[in-house]
file my_file.cif (mmCIF, C-alpha atoms)
data_entry
#
loop_
_atom_site.label_atom_id
_atom_site.label_comp_id
_atom_site.auth_asym_id
_atom_site.auth_seq_id
_atom_site.Cartn_x
_atom_site.Cartn_y
_atom_site.Cartn_z
CA THR A 199 0.00 0.00 0.00
CA LYS A 200 0.97 3.64 -0.27
CA ASN A 201 1.42 3.99 3.49
CA GLN A 202 3.70 0.95 3.62
CA PHE A 203 5.77 2.29 0.75
CA GLU A 204 6.14 5.67 2.46
CA ARG A 205 7.11 4.01 5.74
CA ILE A 206 9.79 1.89 4.05
CA ALA A 207 11.06 4.90 2.09
CA ASN A 208 11.32 6.93 5.32
CA ILE A 209 13.24 4.12 7.02
CA ILE A 210 15.69 3.94 4.11
CA ASP A 211 16.08 7.71 4.07
CA GLN A 212 16.73 7.90 7.82
CA THR A 213 19.22 5.02 7.63
CA GLU A 214 21.18 6.90 4.99
CA LYS A 215 21.10 10.11 7.07
CA ASP A 216 22.40 8.20 10.08
CA ARG A 217 25.23 6.78 7.96
CA LEU A 218 26.13 10.27 6.76
CA LYS A 219 26.06 11.68 10.30
CA LYS A 220 28.56 9.06 11.45
CA ARG A 221 30.73 9.83 8.44
CA TYR A 222 30.71 13.56 9.15
CA GLU A 223 31.66 12.90 12.77
CA ARG A 224 34.82 11.19 11.51
CA PHE A 225 35.57 13.29 8.43
CA THR A 226 34.80 16.87 9.35
CA GLU A 227 36.24 20.39 9.47
CA PRO A 228 37.17 21.01 13.15
CA GLU A 229 38.01 24.70 12.73
CA LEU A 230 34.60 25.47 11.26
CA ASN A 231 32.87 23.37 13.91
CA GLU A 232 34.71 25.27 16.65
CA LEU A 233 33.90 28.64 15.09
CA VAL A 234 30.18 27.92 15.15
CA ALA A 235 30.36 26.40 18.64
CA GLU A 236 31.99 29.54 20.02
CA LYS A 237 29.57 31.93 18.32
CA PHE A 238 26.31 30.08 18.78
CA GLY A 239 26.80 27.45 21.48
CA ILE A 240 25.95 24.53 19.19
CA GLU A 241 27.78 21.40 18.14
CA ILE A 242 27.74 20.67 14.42
CA ASN A 243 29.91 18.62 12.07
CA PHE A 244 30.53 20.22 8.69
CA PRO A 245 31.61 17.80 5.93
CA LEU A 246 35.10 17.81 4.48
CA GLU A 247 35.59 20.39 1.71
CA SER A 248 33.46 22.91 3.60
CA GLU A 249 34.84 26.45 3.77
CA LEU A 250 33.98 29.70 5.49
CA ALA A 251 32.26 32.01 3.01
CA LYS A 252 31.19 34.83 5.33
CA GLU A 253 31.20 35.67 9.02
CA LYS A 254 29.37 38.46 10.84
CA ASN A 255 28.51 38.97 14.51
CA ASN A 256 25.38 36.82 14.44
CA PHE A 257 25.75 35.12 11.06
CA VAL A 258 28.02 32.49 9.52
CA TRP A 259 27.88 31.13 5.97
CA ILE A 260 29.65 27.85 5.29
CA LYS A 261 29.96 26.69 1.68
CA ARG A 262 30.83 23.36 0.10
CA GLU A 263 31.55 23.28 -3.63
CA ARG A 264 32.22 20.23 -5.79
CA SER A 265 32.23 19.26 -9.44
CA LYS A 266 30.54 16.25 -11.00
CA PHE A 267 30.70 15.10 -14.60
CA LYS A 268 27.60 14.68 -16.72
CA GLY A 269 27.89 14.11 -20.42
CA ASN A 270 31.68 14.61 -20.28
CA VAL A 271 31.14 18.08 -18.86
CA ALA A 272 31.97 19.09 -15.29
CA HIS A 273 29.08 20.78 -13.50
CA GLU A 274 29.27 22.61 -10.20
CA ILE A 275 27.38 21.44 -7.13
CA VAL A 276 27.02 24.02 -4.37
CA GLN A 277 25.85 23.31 -0.85
CA GLY A 278 25.70 25.90 1.87
CA PHE A 279 24.86 26.33 5.53
CA PHE A 280 23.67 29.51 7.23
CA VAL A 281 23.88 29.65 11.02
CA PHE A 282 22.42 32.79 12.57
CA ARG A 283 20.64 34.09 15.64
CA TYR A 284 18.47 37.02 16.68
CA PRO A 285 16.74 38.05 19.92
CA TYR A 286 13.94 35.76 21.13
CA ARG A 287 10.83 37.70 22.17
CA GLY A 288 8.30 34.93 22.67
CA GLU A 289 6.62 31.83 21.25
CA ALA A 290 5.35 33.70 18.19
CA ASP A 291 8.96 33.92 16.97
CA LEU A 292 8.87 30.17 16.29
CA ALA A 293 5.77 30.26 14.08
CA GLU A 294 6.51 29.36 10.46
CA ALA A 295 5.67 32.80 9.05
CA ALA A 296 7.91 34.55 11.58
CA VAL A 297 10.76 32.10 11.03
CA LEU A 298 10.64 32.52 7.25
CA ALA A 299 10.34 36.30 7.46
CA ALA A 300 13.41 36.46 9.70
CA ARG A 301 15.31 34.08 7.44
CA ASP A 302 14.43 36.13 4.35
CA SER A 303 15.64 39.30 6.09
CA VAL A 304 18.96 37.69 7.04
CA LEU A 305 19.51 36.25 3.55
CA LYS A 306 18.71 39.56 1.87
CA ALA A 307 21.32 41.25 4.06
CA HIS A 308 24.08 38.64 3.74
CA VAL A 309 23.60 36.38 0.68
CA PRO A 310 23.85 38.31 -2.59
CA GLY A 311 23.14 36.73 -5.94
CA PRO A 312 25.17 36.93 -9.16
CA GLU A 313 23.45 40.06 -10.51
CA PRO A 314 23.56 43.55 -8.98
CA GLY A 315 20.76 43.88 -6.45
CA SER A 316 20.00 40.16 -6.44
CA TYR A 317 19.80 38.08 -3.26
CA MET A 318 18.61 34.72 -1.94
CA THR A 319 15.04 34.44 -0.63
CA THR A 320 12.22 31.91 -0.24
CA GLU A 321 10.16 30.66 -3.16
CA TYR A 322 6.59 31.12 -1.96
CA ARG A 323 4.89 29.97 -5.17
CA TYR A 324 5.54 26.47 -3.81
CA PRO A 325 4.79 26.99 -0.11
CA PRO A 326 7.35 25.64 2.38
CA SER A 327 6.22 22.98 4.85
CA SER A 328 7.07 22.92 8.55
CA ARG A 329 6.74 20.47 11.38
CA ALA A 330 7.27 20.91 15.10
CA VAL A 331 9.55 18.43 16.85
CA THR A 332 11.27 18.10 20.20
CA LYS A 333 15.00 18.32 19.60
CA ASN A 334 17.69 18.94 22.21
CA ASP A 335 14.90 18.90 24.81
CA ARG A 336 13.23 21.96 23.34
CA TYR A 337 10.59 22.99 20.82
CA THR A 338 12.10 23.07 17.33
CA LEU A 339 10.59 23.98 13.97
CA MET A 340 11.86 22.02 10.96
CA THR A 341 11.10 23.67 7.63
CA ASP A 342 11.61 22.41 4.08
CA GLY A 343 11.06 24.41 0.93
CA LEU A 344 12.53 25.99 -2.15
CA TRP A 345 14.75 29.04 -2.40
CA ARG A 346 15.15 31.41 -5.31
CA THR A 347 17.28 34.41 -6.17
CA GLU A 348 15.47 37.74 -6.41
CA HIS A 349 16.35 39.49 -9.72
CA SER A 350 18.13 36.36 -11.01
CA PHE A 351 17.35 32.77 -12.02
CA MET A 352 19.05 30.57 -9.44
CA GLY A 353 17.10 28.29 -7.12
CA GLY A 354 16.84 24.92 -5.41
CA PRO A 355 15.77 23.18 -2.20
CA PHE A 356 16.51 24.20 1.38
CA THR A 357 15.95 22.81 4.85
CA CYS A 358 16.01 24.73 8.10
CA MET A 359 16.06 24.05 11.86
CA THR A 360 14.91 26.84 14.17
CA THR A 361 14.89 26.73 17.97
CA VAL A 362 15.86 28.72 21.07
CA SER A 363 19.34 29.02 22.57
CA ASN A 364 20.25 27.42 25.90
CA ASP A 365 19.89 30.71 27.76
CA GLY A 366 16.52 31.45 26.15
CA ASN A 367 17.68 34.81 24.82
CA TYR A 368 18.00 34.00 21.11
CA VAL A 369 16.31 32.28 18.23
CA VAL A 370 18.96 30.09 16.61
CA SER A 371 18.61 28.90 13.02
CA VAL A 372 20.66 26.39 11.05
CA SER A 373 19.66 26.43 7.40
CA GLY A 374 21.10 24.51 4.46
CA PHE A 375 20.59 24.75 0.71
CA VAL A 376 21.56 23.03 -2.52
CA PHE A 377 22.29 24.47 -5.95
CA ALA A 378 22.78 21.72 -8.53
CA PRO A 379 20.79 22.65 -11.64
CA ASN A 380 22.05 19.72 -13.70
CA PHE A 381 21.31 16.96 -11.19
CA GLN A 382 18.61 15.42 -9.04
CA LYS A 383 18.70 17.14 -5.67
CA ARG A 384 17.61 14.32 -3.32
CA GLU A 385 21.11 13.03 -2.56
CA TYR A 386 22.50 16.51 -1.91
CA ILE A 387 19.66 17.79 0.27
CA ARG A 388 19.88 14.55 2.28
CA GLU A 389 23.51 15.41 3.02
CA ILE A 390 22.35 18.80 4.29
CA GLN A 391 19.65 17.19 6.40
CA ALA A 392 22.18 14.78 7.94
CA VAL A 393 24.33 17.69 9.11
CA ILE A 394 21.35 19.53 10.59
CA ASP A 395 20.01 16.34 12.21
CA GLY A 396 23.33 16.09 14.05
CA VAL A 397 23.11 19.56 15.63
CA SER A 398 23.14 19.61 19.43
CA PHE A 399 23.24 22.26 22.16
CA PRO A 400 25.72 21.17 24.86
CA LYS A 401 24.79 22.58 28.26
CA THR A 402 28.43 23.41 28.98
CA ASP A 403 28.84 25.65 25.94
CA THR A 404 28.24 29.38 26.34
CA PRO A 405 28.18 31.35 23.07
CA GLU A 406 30.07 34.61 22.96
CA GLU A 407 28.09 37.72 23.74
CA VAL A 408 27.95 40.01 20.74
CA SER A 409 25.77 42.89 19.74
CA ALA A 410 22.93 42.35 17.30
CA ASN A 411 23.86 42.77 13.69
#
call {"tool": "encode", "arguments": {"input": "my_file.cif", "output": "structure tokens"}}
result
Amino acid sequence: TKNQFERIANIIDQTEKDRLKKRYERFTEPELNELVAEKFGIEINFPLESELAKEKNNFVWIKRERSKFKGNVAHEIVQGFFVFRYPYRGEADLAEAAVLAARDSVLKAHVPGPEPGSYMTTEYRYPPSSRAVTKNDRYTLMTDGLWRTEHSFMGGPFTCMTTVSNDGNYVVSVSGFVFAPNFQKREYIREIQAVIDGVSFPKTDTPEEVSAN
């Protein structure tokens, strides 16, 4: 039946994510992990070949770029992670609309596109979907959707985890995206999901205090 097929597919998908998480624990980029731990108080394992693309007070962009051949031509595959935080004012900050509005604002400020005046944002013509889960002993909103580039033609899938910091003062978001226009995206977004699934908030970690940016 359809339900059985979906259940089996979910089991296979989660098994692959678990395999990737274990791999990233062994083959990771310690300096990037430490940077994010110090700024945001979270533990995360970025895959090998990840690099720092941008760092601001309350924002970090980690990129991972690879090439894959198709039809004897090398095509670029881009994956990226955005880790950012902003003041937590109350439960309404974790509603989907508020989370996406904040994310769009951060991306507009920090993630320019290839054309002058272009920037990354959410594709609302295909509405994102969110689900509430308990992760790290706290309410967490998991959101999946599509991103696009305002005033340009780039786009692809994204996934996002949004929750509250240990001290309750900040909304913390870990968002990942894929840009691979010549390939199926499932494998690459699963890699992003595996990284985000592995995020934890150690009680002993205290993120640095910085002013809002």
call {"tool": "closest_atom_pairs", "arguments": {"input": "my_file.cif", "of": "segment 210-323 of chain A", "to": "segment 385-393 of chain A", "cutoff": "10 Å", "atoms": "all atoms listed in the file", "output": "Markdown table"}}
result
| residue | atom | partner | partner_atom | distance |
| --- | --- | --- | --- | --- |
| A:Asp211 | CA | A:Arg388 | CA | 8.0 |
| A:Gln212 | CA | A:Ala392 | CA | 8.8 |
| A:Glu214 | CA | A:Arg388 | CA | 8.2 |
| A:Lys215 | CA | A:Ala392 | CA | 4.9 |
| A:Asp216 | CA | A:Ala392 | CA | 6.9 |
| A:Arg217 | CA | A:Ala392 | CA | 8.6 |
| A:Leu218 | CA | A:Ala392 | CA | 6.1 |
| A:Lys219 | CA | A:Ala392 | CA | 5.5 |
| A:Lys220 | CA | A:Ala392 | CA | 9.3 |
| A:Arg221 | CA | A:Ala392 | CA | 9.9 |
| A:Tyr222 | CA | A:Val393 | CA | 7.6 |
| A:Glu223 | CA | A:Val393 | CA | 9.5 |
| A:Ile242 | CA | A:Val393 | CA | 7.0 |
| A:Asn243 | CA | A:Val393 | CA | 6.4 |
| A:Phe244 | CA | A:Val393 | CA | 6.7 |
| A:Pro245 | CA | A:Val393 | CA | 7.9 |
| A:Ile275 | CA | A:Tyr386 | CA | 8.7 |
| A:Val276 | CA | A:Tyr386 | CA | 9.1 |
| A:Gln277 | CA | A:Tyr386 | CA | 7.7 |
| A:Gly278 | CA | A:Ile390 | CA | 8.2 |
| A:Phe279 | CA | A:Ile390 | CA | 8.0 |
call {"tool": "resolve_selection", "arguments": {"input": "my_file.cif", "expression": "the PyMOL selection byres ((chain A and resi 374) around 12)", "output": "count of residues only"}}
result
44
call {"tool": "closest_residue", "arguments": {"input": "my_file.cif", "among": "A:Glu229, A:Lys200, A:Pro326, A:Thr338", "to": "Val397 of chain A", "atoms": "all atoms listed in the file"}}
result
A:Thr338
call {"tool": "resolve_selection", "arguments": {"input": "my_file.cif", "expression": "the PyMOL selection byres ((chain A and resi 256) around 6)", "output": "VMD selection string"}}
result
chain A and resid 254 to 255 257 282 to 283
call {"tool": "axis_aligned_box", "arguments": {"input": "my_file.cif", "around": "segment 312-327 of chain A", "padding_each_side": "4 Å", "output": "JSON"}}
result
{"center_x": 15.0, "center_y": 33.4, "center_z": -2.8, "size_x": 28.4, "size_y": 28.9, "size_z": 23.4}
call {"tool": "residues_near_point", "arguments": {"input": "my_file.cif", "point": "(5.0, 28.5, 19.8)", "cutoff": "10 Å", "atoms": "all atoms listed in the file", "output": "list in words"}}
result
Gly288, Glu289, Ala290, Asp291, Leu292, Ala293, Glu294, Ala330, Tyr337, Thr338 and Leu339 of chain A
call {"tool": "residues_around", "arguments": {"input": "my_file.cif", "residues": "Thr347 of chain A", "least_positions_apart": "4", "cutoff": "9 Å", "atoms": "all atoms listed in the file", "output": "PyMOL selection string"}}
result
chain A and resi 310-312+316-321+351-353
call {"tool": "atom_distance", "arguments": {"input": "my_file.cif", "atom1": "atom CA of Arg336 of chain A", "atom2": "atom CA of Arg287 of chain A"}}
result
16.0 Å
call {"tool": "closest_residue", "arguments": {"input": "my_file.cif", "among": "A:Phe238, A:Pro325, A:Asp335, A:Lys252", "to": "Ala307 of chain A", "atoms": "all atoms listed in the file"}}
result
A:Lys252
call {"tool": "resolve_selection", "arguments": {"input": "my_file.cif", "expression": "the PyMOL selection byres ((chain A and resi 284) around 7)", "output": "PyMOL selection string"}}
result
chain A and resi 283+285-286+368-370+410
call {"tool": "write_last_selection", "arguments": {"input": "my_file.cif", "atoms": "C-alpha atoms", "output": "mmCIF file, in the coordinates of the input"}}
result
data_model
loop_
_atom_site.group_PDB
_atom_site.id
_atom_site.type_symbol
_atom_site.label_atom_id
_atom_site.label_comp_id
_atom_site.auth_asym_id
_atom_site.auth_seq_id
_atom_site.Cartn_x
_atom_site.Cartn_y
_atom_site.Cartn_z
ATOM 1 C CA ARG A 283 20.640 34.090 15.640
ATOM 2 C CA PRO A 285 16.740 38.050 19.920
ATOM 3 C CA TYR A 286 13.940 35.760 21.130
ATOM 4 C CA TYR A 368 18.000 34.000 21.110
ATOM 5 C CA VAL A 369 16.310 32.280 18.230
ATOM 6 C CA VAL A 370 18.960 30.090 16.610
ATOM 7 C CA ALA A 410 22.930 42.350 17.300
#
call {"tool": "atom_distance", "arguments": {"input": "my_file.cif", "atom1": "atom CA of Asn270 of chain A", "atom2": "atom CA of Phe225 of chain A"}}
result
29.0 Å
call {"tool": "atom_distance", "arguments": {"input": "my_file.cif", "atom1": "atom CA of Glu241 of chain A", "atom2": "atom CA of Lys306 of chain A"}}
result
26.0 Å
call {"tool": "closest_residue", "arguments": {"input": "my_file.cif", "among": "A:Gly239, A:Glu348, A:Glu232, A:Val271", "to": "Asp365 of chain A", "atoms": "all atoms listed in the file"}}
result
A:Gly239
call {"tool": "decode", "arguments": {"input": "my_file.cif", "residues": "segment 222-266 of chain A", "atoms": "N, CA and C atoms", "output": "CSV table (one decimal), in the first residue's frame"}}
result
chain,number,residue,atom,x,y,z
A,222,TYR,N,30.3,12.2,8.9
A,222,TYR,CA,30.7,13.6,9.1
A,222,TYR,C,31.3,13.7,10.5
A,223,GLU,N,31.0,12.9,11.5
A,223,GLU,CA,31.7,12.9,12.8
A,223,GLU,C,33.1,12.5,12.6
A,224,ARG,N,33.4,11.6,11.7
A,224,ARG,CA,34.8,11.2,11.5
A,224,ARG,C,35.6,12.1,10.5
A,225,PHE,N,34.9,12.5,9.5
A,225,PHE,CA,35.6,13.3,8.4
A,225,PHE,C,34.9,14.7,8.4
A,226,THR,N,35.4,15.6,9.1
A,226,THR,CA,34.8,16.9,9.3
A,226,THR,C,35.8,18.0,9.3
A,227,GLU,N,35.4,19.2,9.5
A,227,GLU,CA,36.2,20.4,9.5
A,227,GLU,C,36.3,21.0,10.9
A,228,PRO,N,37.2,20.6,11.7
A,228,PRO,CA,37.2,21.0,13.1
A,228,PRO,C,37.2,22.5,13.3
A,229,GLU,N,37.9,23.2,12.5
A,229,GLU,CA,38.0,24.7,12.7
A,229,GLU,C,36.7,25.4,12.5
A,230,LEU,N,35.9,24.9,11.5
A,230,LEU,CA,34.6,25.5,11.3
A,230,LEU,C,33.6,25.1,12.4
A,231,ASN,N,33.7,23.8,12.8
A,231,ASN,CA,32.9,23.4,13.9
A,231,ASN,C,33.1,24.2,15.2
A,232,GLU,N,34.4,24.5,15.5
A,232,GLU,CA,34.7,25.3,16.6
A,232,GLU,C,34.3,26.7,16.5
A,233,LEU,N,34.4,27.3,15.3
A,233,LEU,CA,33.9,28.6,15.1
A,233,LEU,C,32.4,28.8,15.4
A,234,VAL,N,31.6,27.9,14.9
A,234,VAL,CA,30.2,27.9,15.2
A,234,VAL,C,29.8,27.6,16.6
A,235,ALA,N,30.6,26.7,17.2
A,235,ALA,CA,30.4,26.4,18.6
A,235,ALA,C,30.6,27.6,19.5
A,236,GLU,N,31.7,28.4,19.2
A,236,GLU,CA,32.0,29.5,20.0
A,236,GLU,C,31.0,30.7,19.8
A,237,LYS,N,30.5,30.8,18.6
A,237,LYS,CA,29.6,31.9,18.3
A,237,LYS,C,28.1,31.7,18.7
A,238,PHE,N,27.7,30.4,18.6
A,238,PHE,CA,26.3,30.1,18.8
A,238,PHE,C,26.0,29.0,19.9
A,239,GLY,N,27.0,28.4,20.4
A,239,GLY,CA,26.8,27.5,21.5
A,239,GLY,C,26.2,26.1,21.0
A,240,ILE,N,26.5,25.8,19.7
A,240,ILE,CA,26.0,24.5,19.2
A,240,ILE,C,27.1,23.6,18.7
A,241,GLU,N,26.8,22.4,18.7
A,241,GLU,CA,27.8,21.4,18.1
A,241,GLU,C,27.2,21.0,16.8
A,242,ILE,N,28.1,21.0,15.8
A,242,ILE,CA,27.7,20.7,14.4
A,242,ILE,C,29.0,20.1,13.7
A,243,ASN,N,28.8,19.2,12.8
A,243,ASN,CA,29.9,18.6,12.1
A,243,ASN,C,29.8,18.9,10.6
A,244,PHE,N,30.6,19.9,10.1
A,244,PHE,CA,30.5,20.2,8.7
A,244,PHE,C,31.4,19.2,7.9
A,245,PRO,N,30.9,18.8,6.7
A,245,PRO,CA,31.6,17.8,5.9
A,245,PRO,C,32.9,18.3,5.4
A,246,LEU,N,33.9,17.4,5.1
A,246,LEU,CA,35.1,17.8,4.5
A,246,LEU,C,34.8,18.6,3.2
A,247,GLU,N,35.7,19.5,2.9
A,247,GLU,CA,35.6,20.4,1.7
A,247,GLU,C,34.7,21.6,2.0
A,248,SER,N,34.2,21.7,3.2
A,248,SER,CA,33.5,22.9,3.6
A,248,SER,C,34.4,24.1,3.9
A,249,GLU,N,34.0,25.3,3.6
A,249,GLU,CA,34.8,26.5,3.8
A,249,GLU,C,34.0,27.6,4.3
A,250,LEU,N,34.7,28.5,5.0
A,250,LEU,CA,34.0,29.7,5.5
A,250,LEU,C,33.8,30.7,4.3
A,251,ALA,N,32.5,31.0,4.1
A,251,ALA,CA,32.3,32.0,3.0
A,251,ALA,C,32.1,33.4,3.6
A,252,LYS,N,31.5,33.5,4.8
A,252,LYS,CA,31.2,34.8,5.3
A,252,LYS,C,30.9,34.7,6.8
A,253,GLU,N,31.4,35.7,7.6
A,253,GLU,CA,31.2,35.7,9.0
A,253,GLU,C,30.9,37.1,9.5
A,254,LYS,N,29.8,37.2,10.2
A,254,LYS,CA,29.4,38.5,10.8
A,254,LYS,C,29.1,38.1,12.3
A,255,ASN,N,28.7,39.2,13.1
A,255,ASN,CA,28.5,39.0,14.5
A,255,ASN,C,27.6,37.8,14.8
A,256,ASN,N,26.4,37.8,14.2
A,256,ASN,CA,25.4,36.8,14.4
A,256,ASN,C,25.1,36.0,13.2
A,257,PHE,N,26.0,35.8,12.3
A,257,PHE,CA,25.8,35.1,11.1
A,257,PHE,C,27.0,34.5,10.6
A,258,VAL,N,26.9,33.2,10.2
A,258,VAL,CA,28.0,32.5,9.5
A,258,VAL,C,27.5,31.7,8.3
A,259,TRP,N,28.2,31.8,7.2
A,259,TRP,CA,27.9,31.1,6.0
A,259,TRP,C,29.0,30.2,5.7
A,260,ILE,N,28.7,28.9,5.6
A,260,ILE,CA,29.7,27.9,5.3
A,260,ILE,C,29.3,27.3,3.9
A,261,LYS,N,30.2,27.2,3.0
A,261,LYS,CA,30.0,26.7,1.7
A,261,LYS,C,30.7,25.4,1.4
A,262,ARG,N,30.2,24.6,0.5
A,262,ARG,CA,30.8,23.4,0.1
A,262,ARG,C,30.6,23.2,-1.4
A,263,GLU,N,31.7,23.3,-2.2
A,263,GLU,CA,31.6,23.3,-3.6
A,263,GLU,C,32.3,22.1,-4.2
A,264,ARG,N,31.6,21.4,-5.1
A,264,ARG,CA,32.2,20.2,-5.8
A,264,ARG,C,31.9,20.2,-7.3
A,265,SER,N,32.6,19.4,-8.0
A,265,SER,CA,32.2,19.3,-9.4
A,265,SER,C,31.9,17.8,-9.7
A,266,LYS,N,30.9,17.6,-10.6
A,266,LYS,CA,30.5,16.3,-11.0
A,266,LYS,C,30.3,16.2,-12.5
